[in-house]
Amino acid sequence: SPSRPRPSRRAVLAAAAAAVSAAGLAGLSGGAGAETASGGGVPVGGLGERFLRDSGGAHEAIFDTAIRGYLPAGPATFLHKARAHPEALDRLLVLGETHTHPIHHRIHMDAFRGFVALREDSPSRPVAIGMEHFYRQHQNYLDLFSSGRVSLATLRRLTKWDAVSSVPFRLVAPLLAQARASGVRVVGLNCPGEVASLVARVGLEGVPEELRELLPDVELGDVKHWERFRRVMMSMMGEHGGQMDEQSLRRYYEATTLWDEYMAESAAMYLKETESQGGRLLVFAGTHHVDERNGMPDRIMKRSGVRAFTVVPVA
């Protein structure tokens, strides 16, 4: 209809390329997958709902692949539909982001509101958000914040945000404030940066035994995960004129995979702790941890048996 946005020729061509790269994602999704688009890319194919945003940002819509048509904009739309299809989204929603992209943070705020609204049907089920931005070791501080005993400013200071994060605190502050106002617990997922940096320098085999015992099992045999990592690294080095030998590349891969496994373990711990209550978890993490599901989502499922509905930006 005239009131619904129509993709440009440029956007359709972009969609064709996206469809090729997304084919593996659709195959892995098992009935739970979505992608977010901004800047003109039109996501096609796969399962579930996919966001559409035009290059100017003036119009927004959701392209529903089930009906092959547009729906009113807002992540709450597909979350509302999920109530009728709990097999697609029951306990775990994982959202990818470019950490410093304001539009991604706004979309995630919308998704948060929709996710919390699922409590209307099951108010006894606990809801939490898991954030890559915080370490698991920050949990005591996060619980103090969630319970209203410390302020946002104090949480920022206690977690040494400005020293350990490159993300402007103003981008996550609205989500944190909304979570507390909604009675939603904030769960820290990440591995301390010093540990990941150590593995990048010396590899997992070089980590002292007393520290290695505290780390999760790290699965390094996923060929598709390795190939995706390698492509990204080669692209980055090509853009910046850098070089890295194979041994260094493997150490960086071990550090990245530890990162995925550590966050997956943190998420699985919450899902197991709240299993009897049907606890729900909304995860926010960088796109490279979510894309194609083989970074964090499948590793959460391996540990908890809970399949994630994933949403990632495609442009």
# chains A, B, ... in the order shown; residues from 1 in each chain; ligands from 1
call {"tool": "residues_around", "arguments": {"residues": "A:Met131", "least_positions_apart": "4", "cutoff": "10 Å", "atoms": "only C-alpha atoms", "output": "tab-separated table (two decimals) with N, CA and C atoms, in the first residue's frame"}}
result
chain	number	residue	atom	x	y	z
A	135	TYR	N	31.46	-7.06	33.67
A	135	TYR	CA	32.06	-8.34	34.00
A	135	TYR	C	31.14	-9.13	34.94
A	136	ARG	N	31.28	-10.43	34.91
A	136	ARG	CA	30.56	-11.26	35.87
A	136	ARG	C	30.94	-10.86	37.30
A	172	VAL	N	24.30	3.64	27.49
A	172	VAL	CA	23.69	2.52	28.22
A	172	VAL	C	22.90	2.98	29.45
A	186	VAL	N	19.98	-6.74	36.35
A	186	VAL	CA	21.05	-6.61	35.36
A	186	VAL	C	22.12	-7.64	35.68
A	187	VAL	N	22.47	-8.47	34.69
A	187	VAL	CA	23.44	-9.54	34.90
A	187	VAL	C	24.71	-9.24	34.10
A	188	GLY	N	25.85	-9.24	34.77
A	188	GLY	CA	27.13	-9.04	34.09
A	188	GLY	C	27.59	-10.34	33.44
A	189	LEU	N	27.95	-10.28	32.18
A	189	LEU	CA	28.30	-11.49	31.43
A	189	LEU	C	29.79	-11.65	31.17
A	190	ASN	N	30.51	-10.57	31.09
A	190	ASN	CA	31.81	-10.60	30.43
A	190	ASN	C	32.95	-11.14	31.28
A	263	MET	N	30.92	-15.51	28.32
A	263	MET	CA	29.60	-14.86	28.35
A	263	MET	C	28.49	-15.90	28.25
A	267	ALA	N	25.46	-16.42	30.99
A	267	ALA	CA	24.05	-16.45	30.62
A	267	ALA	C	23.41	-17.77	31.04
A	282	LEU	N	17.29	-11.36	28.45
A	282	LEU	CA	17.52	-10.55	27.24
A	282	LEU	C	18.99	-10.14	27.24
A	283	VAL	N	19.75	-10.61	26.25
A	283	VAL	CA	21.19	-10.39	26.21
A	283	VAL	C	21.54	-9.30	25.20
A	284	PHE	N	22.43	-8.39	25.60
A	284	PHE	CA	22.97	-7.37	24.72
A	284	PHE	C	24.47	-7.62	24.56
A	285	ALA	N	24.91	-7.80	23.32
A	285	ALA	CA	26.33	-8.08	23.07
A	285	ALA	C	26.71	-7.57	21.69
A	286	GLY	N	28.00	-7.45	21.46
A	286	GLY	CA	28.47	-7.03	20.15
A	286	GLY	C	28.05	-7.99	19.06
call {"tool": "residues_around", "arguments": {"residues": "A:Phe112", "least_positions_apart": "5", "cutoff": "12 Å", "atoms": "only C-alpha atoms", "output": "ChimeraX atom specification"}}
result
/A:74-76,79,93-95,105-107,117-119,127-130,174-179,182,184,280-284
call {"tool": "residues_around", "arguments": {"residues": "stretch 288-294 of chain A", "least_positions_apart": "3", "cutoff": "6 Å", "atoms": "only C-alpha atoms", "output": "number ranges by chain"}}
result
A: 25, 96, 225, 297-298
call {"tool": "write_last_selection", "arguments": {"atoms": "N, CA, C and O atoms", "output": "compact mmCIF listing (two decimals), in the first residue's frame"}}
result
# COMPACT_ATOMS: atom_id res chain seq x y z
N LEU A 25 22.92 -18.59 8.36
CA LEU A 25 22.21 -18.20 9.59
C LEU A 25 20.83 -18.80 9.61
O LEU A 25 20.38 -19.34 10.61
N GLY A 96 22.33 -8.35 18.97
CA GLY A 96 23.65 -7.84 18.62
C GLY A 96 23.62 -6.33 18.47
O GLY A 96 22.56 -5.74 18.25
N HIS A 225 33.05 -20.95 12.78
CA HIS A 225 33.37 -19.87 13.69
C HIS A 225 34.79 -19.35 13.41
O HIS A 225 35.02 -18.13 13.34
N PRO A 297 25.34 -17.56 21.05
CA PRO A 297 24.03 -18.22 21.21
C PRO A 297 24.08 -19.74 21.27
O PRO A 297 23.47 -20.35 22.15
N ASP A 298 24.80 -20.37 20.34
CA ASP A 298 24.84 -21.84 20.35
C ASP A 298 25.59 -22.36 21.58
O ASP A 298 25.32 -23.47 22.05
call {"tool": "closest_residue", "arguments": {"among": "A:Arg180, A:Arg170, A:Arg251, A:Arg228", "to": "A:Leu204", "atoms": "only C-alpha atoms"}}
result
A:Arg251
call {"tool": "residues_around", "arguments": {"residues": "A:Thr100", "least_positions_apart": "5", "cutoff": "8 Å", "atoms": "only C-alpha atoms", "output": "list in words"}}
result
Val167, Pro168 and Leu171 of chain A
call {"tool": "atom_distance", "arguments": {"atom1": "atom CA of A:Tyr253", "atom2": "atom CA of A:Arg201"}}
result
11.0 Å
call {"tool": "closest_residue", "arguments": {"among": "A:Leu249, A:Met236, A:Ala200, A:Val116", "to": "A:Gly183", "atoms": "only C-alpha atoms"}}
result
A:Val116
call {"tool": "residues_around", "arguments": {"residues": "A:Trp226", "least_positions_apart": "2", "cutoff": "12 Å", "atoms": "only C-alpha atoms", "output": "PDB file with C-alpha atoms, in the first residue's frame"}}
result
ATOM      1  CA  GLU A 219      35.604 -25.188  22.122  1.00  0.00           C
ATOM      2  CA  LEU A 220      38.057 -24.282  19.346  1.00  0.00           C
ATOM      3  CA  GLY A 221      36.940 -26.862  16.784  1.00  0.00           C
ATOM      4  CA  ASP A 222      34.045 -24.959  15.154  1.00  0.00           C
ATOM      5  CA  VAL A 223      35.330 -24.488  11.600  1.00  0.00           C
ATOM      6  CA  LYS A 224      32.668 -21.964  10.607  1.00  0.00           C
ATOM      7  CA  ARG A 228      34.269 -16.108  10.189  1.00  0.00           C
ATOM      8  CA  PHE A 229      36.821 -14.801  12.693  1.00  0.00           C
ATOM      9  CA  ARG A 230      39.608 -15.106  10.138  1.00  0.00           C
ATOM     10  CA  ARG A 231      37.606 -13.224   7.478  1.00  0.00           C
ATOM     11  CA  VAL A 232      36.885 -10.380   9.881  1.00  0.00           C
ATOM     12  CA  MET A 233      40.508 -10.124  10.990  1.00  0.00           C
ATOM     13  CA  LEU A 249      46.090 -14.996  14.762  1.00  0.00           C
ATOM     14  CA  ARG A 250      45.392 -18.281  16.539  1.00  0.00           C
ATOM     15  CA  ARG A 251      46.071 -16.697  19.940  1.00  0.00           C
ATOM     16  CA  TYR A 252      43.652 -13.877  19.152  1.00  0.00           C
ATOM     17  CA  TYR A 253      41.109 -16.484  18.094  1.00  0.00           C
ATOM     18  CA  GLU A 254      41.534 -18.297  21.395  1.00  0.00           C
ATOM     19  CA  THR A 256      37.852 -14.223  21.207  1.00  0.00           C
ATOM     20  CA  THR A 257      36.434 -17.705  21.721  1.00  0.00           C
ATOM     21  CA  GLU A 292      25.569 -16.769  12.663  1.00  0.00           C
ATOM     22  CA  ASN A 294      28.140 -19.841  16.506  1.00  0.00           C
ATOM     23  CA  GLY A 295      29.734 -17.224  18.763  1.00  0.00           C
TER      24      GLY A 295
END
call {"tool": "residues_around", "arguments": {"residues": "A:Ala255", "least_positions_apart": "4", "cutoff": "12 Å", "atoms": "only C-alpha atoms", "output": "PyMOL selection string"}}
result
chain A and resi 191-207+215+218-220+229+248-251+259-262
call {"tool": "write_last_selection", "arguments": {"atoms": "C-alpha atoms", "output": "PDB file, in the first residue's frame"}}
result
ATOM      1  CA  CYS A 191      35.242 -11.934  31.140  1.00  0.00           C
ATOM      2  CA  PRO A 192      37.681  -9.442  32.740  1.00  0.00           C
ATOM      3  CA  GLY A 193      39.542  -7.659  29.980  1.00  0.00           C
ATOM      4  CA  GLU A 194      42.926  -8.483  31.521  1.00  0.00           C
ATOM      5  CA  VAL A 195      42.231 -12.211  31.140  1.00  0.00           C
ATOM      6  CA  ALA A 196      41.264 -11.940  27.467  1.00  0.00           C
ATOM      7  CA  SER A 197      44.321  -9.760  26.830  1.00  0.00           C
ATOM      8  CA  LEU A 198      46.566 -12.334  28.517  1.00  0.00           C
ATOM      9  CA  VAL A 199      45.200 -15.128  26.307  1.00  0.00           C
ATOM     10  CA  ALA A 200      45.715 -12.967  23.217  1.00  0.00           C
ATOM     11  CA  ARG A 201      49.399 -12.619  24.196  1.00  0.00           C
ATOM     12  CA  VAL A 202      50.269 -16.129  25.365  1.00  0.00           C
ATOM     13  CA  GLY A 203      47.400 -18.369  24.209  1.00  0.00           C
ATOM     14  CA  LEU A 204      45.311 -20.628  26.424  1.00  0.00           C
ATOM     15  CA  GLU A 205      48.241 -22.992  26.948  1.00  0.00           C
ATOM     16  CA  GLY A 206      50.284 -20.136  28.385  1.00  0.00           C
ATOM     17  CA  VAL A 207      47.724 -19.169  31.034  1.00  0.00           C
ATOM     18  CA  LEU A 215      37.922 -20.409  33.041  1.00  0.00           C
ATOM     19  CA  VAL A 218      36.726 -23.437  25.315  1.00  0.00           C
ATOM     20  CA  GLU A 219      35.604 -25.188  22.122  1.00  0.00           C
ATOM     21  CA  LEU A 220      38.057 -24.282  19.346  1.00  0.00           C
ATOM     22  CA  PHE A 229      36.821 -14.801  12.693  1.00  0.00           C
ATOM     23  CA  SER A 248      49.361 -14.635  16.645  1.00  0.00           C
ATOM     24  CA  LEU A 249      46.090 -14.996  14.762  1.00  0.00           C
ATOM     25  CA  ARG A 250      45.392 -18.281  16.539  1.00  0.00           C
ATOM     26  CA  ARG A 251      46.071 -16.697  19.940  1.00  0.00           C
ATOM     27  CA  TRP A 259      35.143 -14.279  25.407  1.00  0.00           C
ATOM     28  CA  ASP A 260      32.198 -16.061  23.740  1.00  0.00           C
ATOM     29  CA  GLU A 261      32.395 -19.052  26.076  1.00  0.00           C
ATOM     30  CA  TYR A 262      32.665 -16.945  29.222  1.00  0.00           C
TER      31      TYR A 262
END
call {"tool": "select_by_dssp", "arguments": {"residues": "stretch 62-265 of chain A", "states": "helix (DSSP H, G or I)", "output": "ChimeraX atom specification"}}
result
/A:76-82,102-120,136-146,152-158,161-164,169-181,193-202,204-206,209-212,223-240,246-265
call {"tool": "atom_distance", "arguments": {"atom1": "atom CA of A:Glu213", "atom2": "atom CA of A:Leu258"}}
result
13.1 Å
